[in-house]
$ cat work_24.txt   # compact mmCIF, C-alpha atoms
# COMPACT_ATOMS: atom_id res chain seq x y z
CA MET H 1 25.16 104.37 -29.47
CA ASN H 2 27.71 103.17 -26.93
CA ASP H 3 25.08 101.52 -24.76
CA GLN H 4 23.54 99.50 -27.58
CA HIS H 5 24.26 95.85 -28.03
CA ILE H 6 25.46 94.44 -31.29
CA GLU H 7 22.00 93.14 -32.16
CA ASP H 8 20.51 96.62 -31.70
CA ILE H 9 23.21 98.19 -33.86
CA ILE H 10 22.78 95.58 -36.57
CA SER H 11 19.01 96.04 -36.42
CA ALA H 12 19.40 99.82 -36.73
CA LEU H 13 21.82 99.34 -39.66
CA TYR H 14 19.35 96.96 -41.29
CA ASP H 15 16.52 99.50 -40.87
CA MET H 16 18.73 102.25 -42.26
CA ILE H 17 19.49 100.20 -45.36
CA GLN H 18 15.84 99.23 -45.67
CA ASP H 19 14.68 102.84 -45.44
CA ALA H 20 17.46 104.24 -47.68
CA ARG H 21 16.49 105.90 -50.92
CA ALA H 22 17.15 103.92 -54.04
CA LEU H 23 19.40 105.38 -56.75
CA PRO H 24 17.83 106.28 -60.02
CA LEU H 25 18.28 103.48 -62.55
CA GLY H 26 19.57 101.15 -59.82
CA ALA H 27 16.74 99.67 -57.76
CA ASP H 28 19.09 97.44 -55.72
CA LYS H 29 21.48 100.33 -54.93
CA CYS H 30 20.83 102.99 -52.31
CA ILE H 31 22.29 106.06 -50.70
CA LEU H 32 23.46 105.84 -47.08
CA GLU H 33 25.09 108.31 -44.77
CA ARG H 34 28.66 107.10 -44.88
CA ASP H 35 29.71 108.51 -41.49
CA LYS H 36 26.68 107.12 -39.73
CA VAL H 37 27.19 103.62 -41.24
CA LEU H 38 30.91 103.68 -40.47
CA ASP H 39 30.22 104.75 -36.87
CA MET H 40 27.78 101.86 -36.50
CA LEU H 41 30.30 99.41 -37.93
CA ASP H 42 33.00 100.80 -35.62
CA GLU H 43 30.63 100.31 -32.68
CA ILE H 44 29.97 96.72 -33.77
CA ILE H 45 33.72 96.09 -34.08
CA ALA H 46 34.29 97.68 -30.66
CA GLN H 47 31.62 95.58 -28.99
CA LEU H 48 32.39 92.43 -30.90
CA PRO H 49 35.43 91.38 -28.85
CA ALA H 50 33.46 91.82 -25.59
CA GLU H 51 30.51 89.92 -27.05
CA LEU H 52 32.82 87.21 -28.38
CA LYS H 53 34.61 87.02 -25.05
CA GLN H 54 31.25 86.70 -23.28
CA SER H 55 30.11 84.10 -25.82
CA ARG H 56 33.34 82.18 -25.37
CA THR H 57 32.92 82.34 -21.60
CA ILE H 58 29.36 81.10 -21.95
CA VAL H 59 30.44 78.31 -24.32
CA GLU H 60 33.33 77.36 -22.02
CA SER H 61 31.00 77.35 -19.02
CA ARG H 62 28.52 75.27 -20.96
CA ASN H 63 31.27 72.87 -22.05
CA GLU H 64 32.55 72.70 -18.47
CA LEU H 65 29.04 71.99 -17.20
CA ILE H 66 28.55 69.37 -19.89
CA GLY H 67 31.92 67.81 -19.02
CA GLN H 68 31.11 67.86 -15.33
CA ALA H 69 27.67 66.37 -16.00
CA ARG H 70 29.28 63.72 -18.22
CA ARG H 71 31.85 62.89 -15.51
CA GLU H 72 29.09 62.71 -12.90
CA ALA H 73 26.99 60.52 -15.20
CA GLU H 74 29.99 58.26 -15.84
CA GLY H 75 30.62 58.12 -12.09
CA ILE H 76 27.00 57.21 -11.46
CA VAL H 77 27.17 54.55 -14.18
CA ARG H 78 30.41 53.17 -12.69
CA GLN H 79 28.84 53.12 -9.23
CA ALA H 80 25.74 51.42 -10.60
CA GLN H 81 27.89 48.86 -12.43
CA GLN H 82 29.95 48.27 -9.27
CA LYS H 83 26.79 47.91 -7.20
CA ALA H 84 25.38 45.51 -9.80
CA LYS H 85 28.61 43.49 -9.66
CA GLU H 86 28.45 43.46 -5.86
CA LEU H 87 24.82 42.36 -5.96
CA VAL H 88 25.65 39.66 -8.49
CA ALA H 89 28.59 38.58 -6.30
CA GLU H 90 26.38 38.61 -3.21
CA GLU H 91 23.75 36.62 -5.09
CA ALA H 92 26.43 34.16 -6.21
CA ILE H 93 27.68 33.88 -2.61
CA TYR H 94 24.12 33.42 -1.40
CA GLN H 95 23.44 30.76 -4.04
CA GLU H 96 26.73 28.98 -3.20
CA ALA H 97 25.94 29.09 0.52
CA ARG H 98 22.45 27.81 -0.19
CA ARG H 99 23.85 25.01 -2.36
CA GLN H 100 26.37 24.08 0.34
CA CYS H 101 23.65 24.17 2.97
CA GLN H 102 21.43 21.93 0.86
CA GLU H 103 24.37 19.60 0.25
CA MET H 104 25.18 19.47 3.99
CA PHE H 105 21.51 18.86 4.77
CA SER H 106 21.35 16.04 2.22
CA LYS H 107 24.56 14.50 3.57
CA THR H 108 23.25 14.81 7.13
CA GLN H 109 19.96 13.17 6.16
CA ALA H 110 21.86 10.39 4.40
CA ARG H 111 24.15 9.98 7.43
CA ILE H 112 21.14 9.85 9.78
CA ALA H 113 19.50 7.21 7.58
CA GLU H 114 22.77 5.26 7.48
CA LEU H 115 23.21 5.50 11.27
CA ARG H 116 19.59 4.50 11.80
CA LYS H 117 20.06 1.50 9.52
CA VAL H 118 23.33 0.50 11.18
CA SER H 119 21.90 0.95 14.68
CA ASN H 120 18.78 -1.03 13.73
CA GLU H 121 20.95 -3.78 12.28
CA TYR H 122 23.13 -3.72 15.42
CA MET H 123 20.10 -3.81 17.70
CA ASP H 124 18.51 -6.61 15.67
CA ASP H 125 21.78 -8.57 15.77
CA ALA H 126 22.17 -7.95 19.52
CA LEU H 127 18.59 -9.08 20.14
CA ARG H 128 19.11 -12.11 17.87
CA ARG H 129 22.27 -13.07 19.81
CA THR H 130 20.49 -12.47 23.09
CA GLU H 131 17.59 -14.62 21.88
CA GLU H 132 20.03 -17.33 20.81
CA ALA H 133 21.83 -17.09 24.15
CA ILE H 134 18.50 -17.23 25.99
CA ASN H 135 17.38 -20.17 23.84
CA LEU H 136 20.67 -21.93 24.50
CA SER H 137 20.36 -21.16 28.21
CA LEU H 138 16.72 -22.29 28.14
CA THR H 139 17.76 -25.45 26.38
CA GLN H 140 20.51 -25.97 28.94
CA VAL H 141 18.08 -25.22 31.79
CA ARG H 142 15.56 -27.68 30.31
CA ASP H 143 18.29 -30.27 29.83
CA THR H 144 19.59 -29.66 33.34
CA ARG H 145 16.05 -29.77 34.70
CA ALA H 146 15.36 -32.96 32.80
CA LYS H 147 18.57 -34.44 34.15
CA PHE H 148 17.65 -33.16 37.60
CA ARG H 149 14.20 -34.75 37.36
CA ALA H 150 15.71 -37.92 36.09
CA LEU H 151 18.22 -37.88 38.88
CA ALA H 152 15.57 -36.95 41.44
CA GLU H 153 13.26 -39.71 40.16
CA SER H 154 16.12 -42.10 40.19
CA GLN H 155 16.90 -41.19 43.78
CA GLU H 156 13.22 -41.47 44.69
CA ASN H 157 13.06 -44.85 43.07
CA ARG H 158 16.14 -45.99 44.91
CA THR H 159 14.83 -44.59 48.11
CA ALA H 160 11.51 -46.33 47.45
CA GLU H 161 13.22 -49.58 46.62
CA THR H 162 15.34 -49.43 49.68
CA ALA H 163 12.39 -48.48 51.79
CA GLU H 164 10.25 -51.49 50.73
CA PRO H 165 12.43 -54.13 52.16
CA VAL H 166 12.49 -52.33 55.42
CA ASP H 167 8.69 -52.56 55.57
CA ALA H 168 8.73 -56.24 54.78
CA GLU H 169 10.70 -57.19 57.75
$ encode --input "work_24.txt" --output "structure tokens"
Amino acid sequence: MNDQHIEDIISALYDMIQDARALPLGADKCILERDKVLDMLDEIIAQLPAELKQSRTIVESRNELIGQARREAEGIVRQAQQKAKELVAEEAIYQEARRQCQEMFSKTQARIAELRKVSNEYMDDALRRTEEAINLSLTQVRDTRAKFRALAESQENRTAETAEPVDAE
């Protein structure tokens, strides 16, 4: 019986009780071999500490595995949460950079439009002043020309008047 496990011993004890002869006038009472039953119980008691120790070892190993799995799962969850935070932060940085880029682009476009307007106004003003200066110069040239013609005609007339008496003589 030393090689039997507790389950085998208990099964044999159960069979022994099942197969035992009932007492007369006591259907739920039976006769068992006392020494045999006591030996079986002693064997159970002897094996029980080893079985309990093995069960405890198995339970401790199981609990350790569960704890390790739980720690690993928590680590994975923490890493996933950290990665999610990093992705959210990267997305926020990306969105902020995009917003700043759009803002800079809008400001640049507005500045270009403003510079174009100012340069167009400057060019228009410069051309207007040039036109005015040219018109003034043209007016002065016309006036000077008119004066020159008048002066030239006047000189021609004087020359013609002075030349007539010379012919008459």
$ residues_around --input "work_24.txt" --residues "Lys29 (chain H)" --least-positions-apart "5" --cutoff "12 Å" --atoms "all atoms listed in the file" --output "VMD selection string"
chain H and resid 17 to 24
$ closest_residue --input "work_24.txt" --among "H:Leu65, H:Ala80, H:Ile45, H:Cys30" --to "Ile6 (chain H)" --atoms "only C-alpha atoms"
H:Ile45
$ atom_distance --input "work_24.txt" --atom1 "CA of Leu87 (chain H)" --atom2 "CA of Ala73 (chain H)"
20.5 Å
$ atom_distance --input "work_24.txt" --atom1 "CA of Gly67 (chain H)" --atom2 "CA of Lys83 (chain H)"
23.7 Å
$ axis_aligned_box --input "work_24.txt" --around "region 47-50 of chain H" --padding-each-side "6 Å" --output "JSON"
{"center_x": 33.5, "center_y": 93.5, "center_z": -28.2, "size_x": 15.8, "size_y": 16.2, "size_z": 17.3}
